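Below: the structure, in C-alpha coordinates.
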Amino acid sequence: MIRTFFPEDRVGRSLTLSTMAYALSSGVFYTVSTLYFTLVIGLGATTVGLGLGIAGGAGVLSSYASGRLADRLGAHRVQTAATALNGVAMLAYTLTSDAVMFTLIACLTVAMRSASGTSKQAMLARWYTGPERVEVRARMRVVTNVFIGLGTLAAAAALLAGTAVAYQAAIVACGVLLLTAAVPLARLGRQVPELPGRMTAPAGPAADGAAKGPSPLKDRTYVASVACNAVVALQFGLMTVGVPLWVASTGAPTALVSVLLVLNTVVVAVLQVRVSRGVHDVRRAGIAVRRASWLIALACGLYALAGYGNAVIACALLIMAALAHTLGEILGEAGGWGMAFELADQRSAGAYQGLSQTGYAIAAMVSPVLVTSTAVEHGTVGWLALAALFVAGGTGAAMVARRHRPRETAAAAGPVPAAKAG
(Lines give C-alpha, C1' and ligand atoms only; values in the text may rest on other atoms or scores of the structure.)
Protein backbone atom coordinates (compact mmCIF):
# COMPACT_ATOMS: atom_id res chain seq x y z
CA MET A 1 0.00 0.00 0.00
CA ILE A 2 2.93 2.36 0.69
CA ARG A 3 4.11 1.95 -2.92
CA THR A 4 0.65 2.95 -4.10
CA PHE A 5 0.85 6.41 -2.54
CA PHE A 6 4.66 6.80 -2.62
CA PRO A 7 6.02 5.09 -5.77
CA GLU A 8 9.73 4.46 -6.04
CA ASP A 9 10.29 5.80 -9.56
CA ARG A 10 10.24 9.49 -10.45
CA VAL A 11 7.58 9.22 -13.16
CA GLY A 12 5.29 7.23 -10.90
CA ARG A 13 5.72 9.73 -8.05
CA SER A 14 4.91 12.70 -10.27
CA LEU A 15 1.86 11.01 -11.77
CA THR A 16 0.66 10.00 -8.31
CA LEU A 17 1.05 13.51 -6.86
CA SER A 18 -0.83 14.91 -9.83
CA THR A 19 -3.54 12.27 -9.44
CA MET A 20 -3.97 13.12 -5.76
CA ALA A 21 -4.64 16.79 -6.47
CA TYR A 22 -6.81 15.95 -9.47
CA ALA A 23 -8.92 13.48 -7.52
CA LEU A 24 -9.38 15.87 -4.59
CA SER A 25 -10.68 18.44 -7.07
CA SER A 26 -13.02 15.86 -8.60
CA GLY A 27 -14.42 14.86 -5.22
CA VAL A 28 -15.23 18.45 -4.31
CA PHE A 29 -16.66 19.19 -7.75
CA TYR A 30 -18.91 16.12 -7.93
CA THR A 31 -20.35 17.04 -4.53
CA VAL A 32 -21.12 20.73 -5.04
CA SER A 33 -21.37 21.26 -8.80
CA THR A 34 -25.07 20.56 -9.31
CA LEU A 35 -26.05 22.80 -6.40
CA TYR A 36 -23.67 25.49 -7.61
CA PHE A 37 -25.10 25.44 -11.12
CA THR A 38 -28.73 25.56 -9.96
CA LEU A 39 -28.65 27.62 -6.76
CA VAL A 40 -25.79 30.03 -7.40
CA ILE A 41 -25.79 30.52 -11.17
CA GLY A 42 -29.56 30.05 -11.28
CA LEU A 43 -29.78 27.52 -14.12
CA GLY A 44 -32.67 25.09 -14.38
CA ALA A 45 -32.06 21.37 -13.92
CA THR A 46 -32.98 20.70 -17.56
CA THR A 47 -30.53 23.35 -18.76
CA VAL A 48 -27.75 21.85 -16.65
CA GLY A 49 -28.52 18.37 -17.98
CA LEU A 50 -28.52 19.58 -21.59
CA GLY A 51 -25.29 21.52 -21.15
CA LEU A 52 -23.53 18.58 -19.55
CA GLY A 53 -24.85 16.28 -22.28
CA ILE A 54 -23.32 18.51 -24.95
CA ALA A 55 -20.12 18.63 -22.92
CA GLY A 56 -20.10 14.83 -22.84
CA GLY A 57 -20.01 14.84 -26.62
CA ALA A 58 -17.02 17.19 -26.52
CA GLY A 59 -15.35 14.76 -24.14
CA VAL A 60 -15.86 11.87 -26.55
CA LEU A 61 -14.23 13.79 -29.40
CA SER A 62 -11.40 14.98 -27.19
CA SER A 63 -10.57 11.46 -25.97
CA TYR A 64 -9.51 10.28 -29.41
CA ALA A 65 -8.08 13.56 -30.73
CA SER A 66 -5.83 14.00 -27.70
CA GLY A 67 -4.39 10.52 -28.23
CA ARG A 68 -3.32 11.45 -31.74
CA LEU A 69 -1.93 14.71 -30.41
CA ALA A 70 0.01 12.84 -27.72
CA ASP A 71 1.76 10.78 -30.40
CA ARG A 72 2.90 13.94 -32.13
CA LEU A 73 3.69 16.35 -29.29
CA GLY A 74 4.40 14.01 -26.42
CA ALA A 75 1.95 12.48 -23.98
CA HIS A 76 3.48 14.30 -20.99
CA ARG A 77 3.09 17.69 -22.67
CA VAL A 78 -0.53 17.02 -23.61
CA GLN A 79 -1.36 15.90 -20.09
CA THR A 80 0.29 18.96 -18.53
CA ALA A 81 -1.53 21.38 -20.83
CA ALA A 82 -4.89 19.59 -20.51
CA THR A 83 -4.70 19.53 -16.71
CA ALA A 84 -3.80 23.22 -16.51
CA LEU A 85 -6.53 24.23 -18.97
CA ASN A 86 -9.00 22.15 -17.00
CA GLY A 87 -8.08 24.23 -13.95
CA VAL A 88 -8.55 27.49 -15.86
CA ALA A 89 -11.94 26.31 -17.16
CA MET A 90 -13.00 25.32 -13.64
CA LEU A 91 -12.16 28.80 -12.35
CA ALA A 92 -14.16 30.26 -15.24
CA TYR A 93 -17.30 28.67 -13.76
CA THR A 94 -17.23 31.45 -11.15
CA LEU A 95 -17.77 33.96 -13.97
CA THR A 96 -20.65 32.06 -15.56
CA SER A 97 -23.95 33.95 -15.71
CA ASP A 98 -26.04 32.28 -18.42
CA ALA A 99 -26.73 28.96 -20.12
CA VAL A 100 -24.57 29.62 -23.19
CA MET A 101 -21.48 30.51 -21.18
CA PHE A 102 -22.10 27.56 -18.87
CA THR A 103 -22.29 25.13 -21.80
CA LEU A 104 -19.11 26.49 -23.42
CA ILE A 105 -17.16 26.24 -20.19
CA ALA A 106 -18.56 22.78 -19.50
CA CYS A 107 -17.44 21.66 -22.97
CA LEU A 108 -13.90 22.92 -22.32
CA THR A 109 -13.81 21.37 -18.85
CA VAL A 110 -14.99 17.93 -19.98
CA ALA A 111 -12.82 18.00 -23.11
CA MET A 112 -9.71 18.75 -21.05
CA ARG A 113 -10.63 16.10 -18.51
CA SER A 114 -10.87 13.56 -21.31
CA ALA A 115 -7.61 14.75 -22.84
CA SER A 116 -5.89 14.42 -19.48
CA GLY A 117 -7.17 10.87 -19.04
CA THR A 118 -6.11 9.80 -22.53
CA SER A 119 -2.64 11.33 -22.28
CA LYS A 120 -2.07 9.73 -18.87
CA GLN A 121 -2.98 6.36 -20.37
CA ALA A 122 -0.58 7.04 -23.24
CA MET A 123 2.18 7.93 -20.78
CA LEU A 124 1.71 4.65 -18.96
CA ALA A 125 1.69 2.75 -22.26
CA ARG A 126 4.96 4.32 -23.41
CA TRP A 127 6.91 4.49 -20.14
CA TYR A 128 6.05 1.15 -18.52
CA THR A 129 6.04 -2.37 -19.94
CA GLY A 130 4.16 -5.64 -19.47
CA PRO A 131 2.58 -6.26 -16.06
CA GLU A 132 4.01 -3.02 -14.70
CA ARG A 133 1.66 -0.94 -16.84
CA VAL A 134 -1.49 -2.52 -15.43
CA GLU A 135 -0.11 -2.50 -11.88
CA VAL A 136 0.71 1.21 -12.00
CA ARG A 137 -2.69 1.94 -13.53
CA ALA A 138 -4.37 -0.04 -10.75
CA ARG A 139 -2.42 1.83 -8.08
CA MET A 140 -3.49 5.14 -9.57
CA ARG A 141 -7.10 4.04 -9.50
CA VAL A 142 -6.77 3.34 -5.79
CA VAL A 143 -5.28 6.80 -5.26
CA THR A 144 -8.10 8.32 -7.31
CA ASN A 145 -10.85 6.62 -5.33
CA VAL A 146 -9.34 7.47 -1.96
CA PHE A 147 -8.77 11.12 -2.77
CA ILE A 148 -12.17 11.55 -4.41
CA GLY A 149 -13.57 10.32 -1.11
CA LEU A 150 -11.45 12.84 0.79
CA GLY A 151 -12.61 15.57 -1.57
CA THR A 152 -16.21 14.59 -0.98
CA LEU A 153 -15.68 14.90 2.77
CA ALA A 154 -14.01 18.29 2.36
CA ALA A 155 -16.93 19.53 0.27
CA ALA A 156 -19.24 18.86 3.21
CA ALA A 157 -18.10 22.21 4.62
CA ALA A 158 -19.68 24.02 1.65
CA LEU A 159 -22.85 21.95 1.96
CA LEU A 160 -23.13 22.73 5.66
CA ALA A 161 -22.64 26.46 5.06
CA GLY A 162 -25.11 26.38 2.16
CA THR A 163 -24.23 29.89 0.98
CA ALA A 164 -23.31 31.18 -2.47
CA VAL A 165 -19.92 32.25 -1.15
CA ALA A 166 -19.23 28.76 0.20
CA TYR A 167 -20.13 27.13 -3.10
CA GLN A 168 -17.99 29.61 -5.05
CA ALA A 169 -15.07 28.96 -2.71
CA ALA A 170 -15.44 25.24 -3.37
CA ILE A 171 -15.36 25.77 -7.14
CA VAL A 172 -12.28 28.00 -6.81
CA ALA A 173 -10.62 25.29 -4.72
CA CYS A 174 -11.35 22.80 -7.52
CA GLY A 175 -9.63 25.04 -10.06
CA VAL A 176 -6.60 25.68 -7.84
CA LEU A 177 -6.20 21.96 -7.16
CA LEU A 178 -6.22 21.24 -10.90
CA LEU A 179 -3.56 23.89 -11.51
CA THR A 180 -1.56 22.32 -8.71
CA ALA A 181 -1.96 18.91 -10.36
CA ALA A 182 -0.20 20.26 -13.46
CA VAL A 183 2.95 21.23 -11.54
CA PRO A 184 4.50 17.76 -11.05
CA LEU A 185 3.79 16.97 -14.70
CA ALA A 186 5.38 20.18 -15.99
CA ARG A 187 8.66 19.32 -14.25
CA LEU A 188 8.90 15.74 -15.46
CA GLY A 189 10.69 16.51 -18.74
CA ARG A 190 13.56 18.16 -16.83
CA GLN A 191 13.68 15.65 -13.98
CA VAL A 192 13.72 12.60 -16.28
CA PRO A 193 15.73 13.58 -19.38
CA GLU A 194 14.92 10.36 -21.26
CA LEU A 195 11.16 10.89 -20.87
CA PRO A 196 10.45 13.28 -23.81
CA GLY A 197 12.01 10.91 -26.34
CA ARG A 198 9.81 8.06 -25.14
CA MET A 199 6.54 10.02 -25.20
CA THR A 200 6.15 10.54 -28.96
CA ALA A 201 5.64 8.21 -31.90
CA PRO A 202 8.56 7.68 -34.28
CA ALA A 203 8.42 10.07 -37.24
CA GLY A 204 7.29 8.54 -40.50
CA PRO A 205 8.52 9.14 -44.04
CA ALA A 206 5.66 11.53 -44.84
CA ALA A 207 6.48 15.19 -45.25
CA ASP A 208 4.32 16.17 -42.34
CA GLY A 209 6.15 13.79 -40.03
CA ALA A 210 3.13 11.60 -39.38
CA ALA A 211 3.61 8.66 -37.07
CA LYS A 212 4.57 5.35 -38.66
CA GLY A 213 2.08 3.40 -36.61
CA PRO A 214 -1.29 2.37 -38.01
CA SER A 215 -4.60 3.93 -37.13
CA PRO A 216 -6.48 2.02 -34.40
CA LEU A 217 -9.68 2.64 -36.34
CA LYS A 218 -8.42 0.15 -38.94
CA ASP A 219 -7.54 -2.44 -36.31
CA ARG A 220 -10.69 -4.58 -36.13
CA THR A 221 -9.50 -6.52 -33.10
CA TYR A 222 -8.86 -3.37 -31.12
CA VAL A 223 -12.12 -1.73 -32.18
CA ALA A 224 -14.01 -4.88 -31.11
CA SER A 225 -12.19 -4.87 -27.78
CA VAL A 226 -13.05 -1.21 -27.17
CA ALA A 227 -16.71 -1.80 -28.06
CA CYS A 228 -17.08 -4.81 -25.73
CA ASN A 229 -15.30 -3.13 -22.83
CA ALA A 230 -17.40 0.01 -23.32
CA VAL A 231 -20.53 -2.11 -22.86
CA VAL A 232 -19.19 -3.45 -19.56
CA ALA A 233 -18.14 0.08 -18.57
CA LEU A 234 -21.79 1.12 -18.68
CA GLN A 235 -21.88 -0.31 -15.16
CA PHE A 236 -20.45 2.92 -13.78
CA GLY A 237 -23.84 4.52 -14.41
CA LEU A 238 -25.39 1.96 -12.08
CA MET A 239 -23.46 3.07 -9.03
CA THR A 240 -23.54 6.81 -9.67
CA VAL A 241 -27.07 7.21 -11.08
CA GLY A 242 -29.11 4.02 -11.01
CA VAL A 243 -28.44 2.76 -7.48
CA PRO A 244 -29.23 6.05 -5.67
CA LEU A 245 -32.52 6.36 -7.56
CA TRP A 246 -33.34 2.68 -7.06
CA VAL A 247 -32.60 2.74 -3.32
CA ALA A 248 -35.12 5.56 -2.95
CA SER A 249 -37.79 3.33 -4.50
CA THR A 250 -37.16 0.37 -2.17
CA GLY A 251 -37.90 -0.10 1.52
CA ALA A 252 -34.29 0.75 2.42
CA PRO A 253 -33.41 4.16 3.90
CA THR A 254 -31.87 6.58 1.42
CA ALA A 255 -28.88 7.01 3.75
CA LEU A 256 -27.83 3.54 2.61
CA VAL A 257 -26.56 5.13 -0.61
CA SER A 258 -23.64 6.63 1.34
CA VAL A 259 -22.88 3.24 2.88
CA LEU A 260 -22.79 1.60 -0.54
CA LEU A 261 -20.47 4.28 -1.93
CA VAL A 262 -18.12 3.93 1.03
CA LEU A 263 -18.17 0.15 0.59
CA ASN A 264 -17.24 0.61 -3.06
CA THR A 265 -14.31 2.90 -2.19
CA VAL A 266 -12.95 0.58 0.51
CA VAL A 267 -13.15 -2.58 -1.61
CA VAL A 268 -11.47 -0.87 -4.57
CA ALA A 269 -8.67 0.43 -2.33
CA VAL A 270 -8.05 -2.98 -0.80
CA LEU A 271 -8.39 -5.27 -3.83
CA GLN A 272 -7.79 -3.35 -7.08
CA VAL A 273 -4.02 -3.84 -7.23
CA ARG A 274 -4.20 -7.50 -6.20
CA VAL A 275 -6.93 -8.35 -8.69
CA SER A 276 -5.05 -6.59 -11.50
CA ARG A 277 -2.05 -8.92 -11.34
CA GLY A 278 -1.64 -11.16 -14.36
CA VAL A 279 -4.05 -9.37 -16.70
CA HIS A 280 -1.20 -8.17 -18.90
CA ASP A 281 -1.79 -11.54 -20.57
CA VAL A 282 -4.51 -10.78 -23.11
CA ARG A 283 -6.44 -14.02 -22.63
CA ARG A 284 -6.45 -13.63 -18.85
CA ALA A 285 -7.60 -10.05 -19.32
CA GLY A 286 -10.52 -11.23 -21.46
CA ILE A 287 -11.46 -13.85 -18.85
CA ALA A 288 -11.36 -11.13 -16.18
CA VAL A 289 -13.78 -8.98 -18.17
CA ARG A 290 -16.12 -11.94 -18.70
CA ARG A 291 -16.11 -12.78 -14.99
CA ALA A 292 -16.73 -9.12 -14.25
CA SER A 293 -19.81 -9.17 -16.47
CA TRP A 294 -21.18 -12.18 -14.58
CA LEU A 295 -20.67 -10.46 -11.23
CA ILE A 296 -22.34 -7.28 -12.45
CA ALA A 297 -25.23 -9.32 -13.86
CA LEU A 298 -25.58 -11.00 -10.46
CA ALA A 299 -25.61 -7.55 -8.87
CA CYS A 300 -28.41 -6.49 -11.22
CA GLY A 301 -30.47 -9.46 -10.07
CA LEU A 302 -29.88 -8.64 -6.41
CA TYR A 303 -30.73 -4.97 -6.99
CA ALA A 304 -34.01 -6.08 -8.56
CA LEU A 305 -34.85 -8.42 -5.68
CA ALA A 306 -34.28 -5.57 -3.21
CA GLY A 307 -37.43 -3.97 -4.57
CA TYR A 308 -39.58 -6.79 -3.15
CA GLY A 309 -38.42 -6.96 0.47
CA ASN A 310 -38.96 -5.00 3.65
CA ALA A 311 -36.36 -2.54 4.94
CA VAL A 312 -34.09 -5.17 6.49
CA ILE A 313 -34.20 -7.53 3.51
CA ALA A 314 -33.78 -4.66 1.06
CA CYS A 315 -30.70 -3.39 2.93
CA ALA A 316 -29.13 -6.85 3.01
CA LEU A 317 -29.77 -7.44 -0.70
CA LEU A 318 -28.48 -3.98 -1.67
CA ILE A 319 -25.26 -4.49 0.29
CA MET A 320 -24.70 -7.90 -1.33
CA ALA A 321 -25.46 -6.37 -4.72
CA ALA A 322 -23.03 -3.50 -4.15
CA LEU A 323 -20.31 -5.96 -3.11
CA ALA A 324 -20.82 -8.11 -6.23
CA HIS A 325 -21.01 -4.95 -8.33
CA THR A 326 -17.75 -3.58 -6.92
CA LEU A 327 -15.91 -6.87 -7.42
CA GLY A 328 -17.16 -6.88 -11.00
CA GLU A 329 -16.07 -3.28 -11.42
CA ILE A 330 -12.55 -4.12 -10.20
CA LEU A 331 -12.23 -7.14 -12.47
CA GLY A 332 -13.68 -5.29 -15.45
CA GLU A 333 -11.33 -2.34 -15.03
CA ALA A 334 -8.29 -4.60 -14.68
CA GLY A 335 -9.18 -6.70 -17.71
CA GLY A 336 -10.03 -3.61 -19.74
CA TRP A 337 -6.64 -2.05 -18.98
CA GLY A 338 -4.84 -5.25 -19.91
CA MET A 339 -6.61 -5.46 -23.26
CA ALA A 340 -6.19 -1.74 -23.97
CA PHE A 341 -2.43 -1.90 -23.36
CA GLU A 342 -1.55 -5.28 -24.81
CA LEU A 343 -3.72 -5.23 -27.95
CA ALA A 344 -2.36 -1.80 -28.95
CA ASP A 345 0.35 -1.17 -31.52
CA GLN A 346 3.03 0.64 -29.53
CA ARG A 347 4.05 2.76 -32.50
CA SER A 348 0.71 4.59 -32.15
CA ALA A 349 0.28 4.20 -28.40
CA GLY A 350 -1.43 7.57 -28.00
CA ALA A 351 -3.97 6.98 -30.75
CA TYR A 352 -4.75 3.48 -29.47
CA GLN A 353 -5.20 4.61 -25.88
CA GLY A 354 -7.24 7.52 -27.20
CA LEU A 355 -9.65 5.11 -28.87
CA SER A 356 -9.82 3.05 -25.68
CA GLN A 357 -10.67 6.14 -23.64
CA THR A 358 -13.23 7.15 -26.26
CA GLY A 359 -15.09 3.94 -25.52
CA TYR A 360 -15.19 4.80 -21.83
CA ALA A 361 -16.28 8.36 -22.63
CA ILE A 362 -19.17 7.11 -24.75
CA ALA A 363 -20.16 4.72 -21.96
CA ALA A 364 -20.11 7.58 -19.45
CA MET A 365 -22.30 9.70 -21.72
CA VAL A 366 -24.83 6.94 -22.47
CA SER A 367 -25.05 5.12 -19.14
CA PRO A 368 -27.20 7.61 -17.14
CA VAL A 369 -29.91 7.60 -19.81
CA LEU A 370 -29.68 3.84 -20.31
CA VAL A 371 -29.86 3.00 -16.62
CA THR A 372 -32.77 5.31 -15.85
CA SER A 373 -34.76 4.19 -18.92
CA THR A 374 -34.35 0.50 -18.06
CA ALA A 375 -33.83 -0.40 -14.40
CA VAL A 376 -35.22 2.72 -12.74
CA GLU A 377 -38.33 3.02 -14.96
CA HIS A 378 -39.12 -0.66 -15.56
CA GLY A 379 -37.84 -2.35 -12.42
CA THR A 380 -37.08 -6.07 -12.63
CA VAL A 381 -37.44 -6.29 -16.40
CA GLY A 382 -35.06 -3.38 -16.82
CA TRP A 383 -32.51 -4.88 -14.41
CA LEU A 384 -32.60 -8.20 -16.27
CA ALA A 385 -32.13 -6.42 -19.60
CA LEU A 386 -29.06 -4.67 -18.20
CA ALA A 387 -27.74 -7.98 -16.85
CA ALA A 388 -28.04 -9.56 -20.30
CA LEU A 389 -26.29 -6.57 -21.89
CA PHE A 390 -23.35 -6.81 -19.48
CA VAL A 391 -22.97 -10.56 -20.03
CA ALA A 392 -22.99 -10.00 -23.80
CA GLY A 393 -20.25 -7.37 -23.50
CA GLY A 394 -18.09 -9.53 -21.24
CA THR A 395 -18.53 -12.60 -23.41
CA GLY A 396 -17.56 -10.60 -26.48
CA ALA A 397 -14.42 -9.28 -24.77
CA ALA A 398 -13.36 -12.81 -23.83
CA MET A 399 -13.88 -13.97 -27.43
CA VAL A 400 -11.76 -11.11 -28.78
CA ALA A 401 -8.99 -11.92 -26.30
CA ARG A 402 -9.11 -15.66 -27.07
CA ARG A 403 -8.71 -15.05 -30.81
CA HIS A 404 -5.88 -12.57 -30.40
CA ARG A 405 -2.56 -13.37 -32.01
CA PRO A 406 0.58 -11.49 -30.90
CA ARG A 407 1.91 -8.90 -33.32
CA GLU A 408 5.07 -9.83 -35.16
CA THR A 409 6.44 -6.35 -34.51
CA ALA A 410 5.49 -6.24 -30.86
CA ALA A 411 8.96 -6.87 -29.53
CA ALA A 412 10.54 -4.36 -31.82
CA ALA A 413 7.92 -1.68 -31.36
CA GLY A 414 7.52 -1.89 -27.60
CA PRO A 415 9.31 0.55 -25.33
CA VAL A 416 12.41 -0.43 -23.47
CA PRO A 417 12.03 -1.07 -19.74
CA ALA A 418 11.52 2.07 -17.70
CA ALA A 419 14.51 3.44 -15.87
CA LYS A 420 13.95 3.77 -12.18
CA ALA A 421 14.92 7.31 -11.39
CA GLY A 422 15.30 8.04 -7.73
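The chains in the C-alpha coordinates are called A, B, ... from first to last as shown; in each chain the residues are counted from 1, and the ligands are counted from 1 in the order shown.
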Test item: residues at most 9 Å from range 129-138 of chain A, only C-alpha atoms, excluding those fewer than 5 positions along its chain, as a ChimeraX atom specification: /A:4,12,121,124,143,272-281,333-334,337-338,341-342,414-418
For Lys120 in chain A, list every protein, DNA or RNA residue within 10 Å, evaluated using only C-alpha atoms, and leave out those in the same chain fewer than 3 positions away; present the list as a ChimeraX atom specification. /A:15,19,67,70,75-76,78-80,114-117,123-126,137,350,353
Near Trp383 in chain A, counting only C-alpha atoms, which residues have an atom at most 7 Å away, once you skip same-chain residues fewer than 3 positions from it, shown as a PDB file with all heavy atoms, in the first residue's frame?
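Result went into selection_13.pdb, see below:
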```pdb
ATOM      1  N   CYS A 300     -27.140  -6.986 -10.675  1.00  0.00           N
ATOM      2  CA  CYS A 300     -28.409  -6.488 -11.219  1.00  0.00           C
ATOM      3  C   CYS A 300     -29.583  -7.295 -10.679  1.00  0.00           C
ATOM      4  O   CYS A 300     -30.634  -6.740 -10.325  1.00  0.00           O
ATOM      5  CB  CYS A 300     -28.389  -6.557 -12.749  1.00  0.00           C
ATOM      6  SG  CYS A 300     -27.305  -5.339 -13.535  1.00  0.00           S
ATOM      7  N   GLY A 301     -29.410  -8.622 -10.613  1.00  0.00           N
ATOM      8  CA  GLY A 301     -30.472  -9.458 -10.073  1.00  0.00           C
ATOM      9  C   GLY A 301     -30.756  -9.157  -8.609  1.00  0.00           C
ATOM     10  O   GLY A 301     -31.920  -9.105  -8.184  1.00  0.00           O
ATOM     11  N   ALA A 304     -32.584  -5.907  -8.231  1.00  0.00           N
ATOM     12  CA  ALA A 304     -34.006  -6.083  -8.564  1.00  0.00           C
ATOM     13  C   ALA A 304     -34.767  -6.711  -7.404  1.00  0.00           C
ATOM     14  O   ALA A 304     -35.872  -6.268  -7.052  1.00  0.00           O
ATOM     15  CB  ALA A 304     -34.132  -6.933  -9.826  1.00  0.00           C
ATOM     16  N   THR A 374     -34.145   1.954 -18.202  1.00  0.00           N
ATOM     17  CA  THR A 374     -34.354   0.504 -18.059  1.00  0.00           C
ATOM     18  C   THR A 374     -34.676   0.155 -16.602  1.00  0.00           C
ATOM     19  O   THR A 374     -35.826  -0.026 -16.244  1.00  0.00           O
ATOM     20  CB  THR A 374     -33.110  -0.275 -18.538  1.00  0.00           C
ATOM     21  OG1 THR A 374     -31.939   0.224 -17.860  1.00  0.00           O
ATOM     22  CG2 THR A 374     -32.922  -0.137 -20.033  1.00  0.00           C
ATOM     23  N   ALA A 375     -33.651   0.080 -15.778  1.00  0.00           N
ATOM     24  CA  ALA A 375     -33.827  -0.398 -14.402  1.00  0.00           C
ATOM     25  C   ALA A 375     -34.726   0.497 -13.568  1.00  0.00           C
ATOM     26  O   ALA A 375     -35.640   0.032 -12.882  1.00  0.00           O
ATOM     27  CB  ALA A 375     -32.463  -0.542 -13.737  1.00  0.00           C
ATOM     28  N   GLY A 379     -38.057  -1.421 -13.506  1.00  0.00           N
ATOM     29  CA  GLY A 379     -37.841  -2.348 -12.421  1.00  0.00           C
ATOM     30  C   GLY A 379     -37.151  -3.634 -12.835  1.00  0.00           C
ATOM     31  O   GLY A 379     -36.131  -3.611 -13.540  1.00  0.00           O
ATOM     32  N   THR A 380     -37.720  -4.763 -12.429  1.00  0.00           N
ATOM     33  CA  THR A 380     -37.077  -6.066 -12.629  1.00  0.00           C
ATOM     34  C   THR A 380     -36.756  -6.341 -14.093  1.00  0.00           C
ATOM     35  O   THR A 380     -35.657  -6.813 -14.420  1.00  0.00           O
ATOM     36  CB  THR A 380     -37.981  -7.188 -12.085  1.00  0.00           C
ATOM     37  OG1 THR A 380     -38.203  -6.961 -10.682  1.00  0.00           O
ATOM     38  CG2 THR A 380     -37.327  -8.543 -12.281  1.00  0.00           C
ATOM     39  N   LEU A 386     -30.427  -5.150 -18.425  1.00  0.00           N
ATOM     40  CA  LEU A 386     -29.062  -4.672 -18.204  1.00  0.00           C
ATOM     41  C   LEU A 386     -28.115  -5.843 -17.942  1.00  0.00           C
ATOM     42  O   LEU A 386     -26.986  -5.875 -18.449  1.00  0.00           O
ATOM     43  CB  LEU A 386     -29.021  -3.705 -17.022  1.00  0.00           C
ATOM     44  CG  LEU A 386     -29.568  -2.300 -17.272  1.00  0.00           C
ATOM     45  CD1 LEU A 386     -29.526  -1.492 -15.980  1.00  0.00           C
ATOM     46  CD2 LEU A 386     -28.760  -1.584 -18.356  1.00  0.00           C
ATOM     47  N   ALA A 387     -28.570  -6.814 -17.139  1.00  0.00           N
ATOM     48  CA  ALA A 387     -27.738  -7.982 -16.846  1.00  0.00           C
ATOM     49  C   ALA A 387     -27.353  -8.705 -18.133  1.00  0.00           C
ATOM     50  O   ALA A 387     -26.189  -9.083 -18.333  1.00  0.00           O
ATOM     51  CB  ALA A 387     -28.483  -8.926 -15.903  1.00  0.00           C
TER      52      ALA A 387
END
```
Could you list, as JSON, numbers by chain, every residue within 8 Å of Arg68 in chain A, counting only C-alpha atoms and ignoring same-chain residues fewer than 3 positions away? {"A": [64, 65, 71, 72, 348, 350, 351, 354]}
Of the residues A:Val267, A:Val369, A:Ala397, A:Ala316, which is the one nearest to Arg291 in chain A, using only C-alpha atoms? A:Ala397
Give me, please, the distance in Å between CA of Arg139 in chain A and CA of Leu52 in chain A, quoted to one decimal.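 Value for the CA of Arg139 in chain A-CA of Leu52 in chain A distance: 29.3 Å.
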Do you have the CA of Met365 in chain A-CA of Gly49 in chain A distance handy?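 Distance between the two atoms: 11.3 Å.
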Which residues are near Pro214 in chain A? Cut-off 12 Å, only C-alpha atoms, ignore same chain within fewer than 5 positions. Put them as a VMD selection string. chain A and resid 68 71 201 to 202 204 219 to 220 222 344 to 352
From the list A:Ala45, A:Ala248, A:Leu384, A:Val266, which residue is nearest Asn145 in chain A when using only C-alpha atoms?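 Residue with the minimum atom-to-atom distance to Asn145 in chain A: A:Val266.
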Would you mind listing what lies within 10 Å of Ile287 in chain A as a ChimeraX atom specification, with only C-alpha atoms counted and same-chain residues fewer than 2 positions away left out? /A:279,282-285,289-293,331-332,335,394-395,397-399,401-402
Which polymer residues have any atom within 8 Å of an atom of range 20-22 of chain A, counting only C-alpha atoms, with same-chain residues fewer than 5 positions away left out, as a PyMOL selection string? chain A and resi 143-144+147+177-178+180-181
Once you have the residues from the selection above, write them out as a CSV table (one decimal), in the first residue's frame, restricted to N, CA, C and O atoms.
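Contents of again-v3.csv, freshly written:
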```csv
chain,number,residue,atom,x,y,z
A,143,VAL,N,-5.5,5.4,-5.7
A,143,VAL,CA,-5.3,6.8,-5.3
A,143,VAL,C,-6.5,7.7,-5.6
A,143,VAL,O,-6.9,8.5,-4.8
A,144,THR,N,-7.0,7.5,-6.9
A,144,THR,CA,-8.1,8.3,-7.3
A,144,THR,C,-9.3,8.1,-6.4
A,144,THR,O,-9.9,9.1,-6.0
A,147,PHE,N,-8.8,9.7,-2.8
A,147,PHE,CA,-8.8,11.1,-2.8
A,147,PHE,C,-10.1,11.7,-3.2
A,147,PHE,O,-10.4,12.9,-2.8
A,177,LEU,N,-6.7,23.3,-7.3
A,177,LEU,CA,-6.2,22.0,-7.2
A,177,LEU,C,-5.8,21.4,-8.5
A,177,LEU,O,-4.8,20.7,-8.7
A,178,LEU,N,-6.6,21.7,-9.5
A,178,LEU,CA,-6.2,21.2,-10.9
A,178,LEU,C,-4.9,21.9,-11.4
A,178,LEU,O,-4.1,21.3,-12.0
A,180,THR,N,-2.6,23.0,-9.5
A,180,THR,CA,-1.6,22.3,-8.7
A,180,THR,C,-1.2,21.0,-9.3
A,180,THR,O,0.0,20.6,-9.3
A,181,ALA,N,-2.2,20.2,-9.8
A,181,ALA,CA,-2.0,18.9,-10.4
A,181,ALA,C,-1.1,19.0,-11.6
A,181,ALA,O,-0.4,18.0,-11.9
```
Nearest to Pro244 in chain A: which of A:Asn310, A:Ser119, A:Thr326, A:Ser258 is it, counting only C-alpha atoms? A:Ser258
Among the residues of range 177-362 of chain A, find those DSSP assigns to helix (DSSP H, G or I) from the backbone and print them as number ranges by chain. A: 177-186, 188-191, 195-198, 216-218, 220-233, 236-249, 256-275, 282-308, 311-342, 346-362
Between A:Pro184, A:Pro196, A:Pro253, A:Gly57, which residue has the minimum interatomic distance to Thr83 in chain A, considering only C-alpha atoms?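 The answer is A:Pro184, which sits nearest to Thr83 in chain A.
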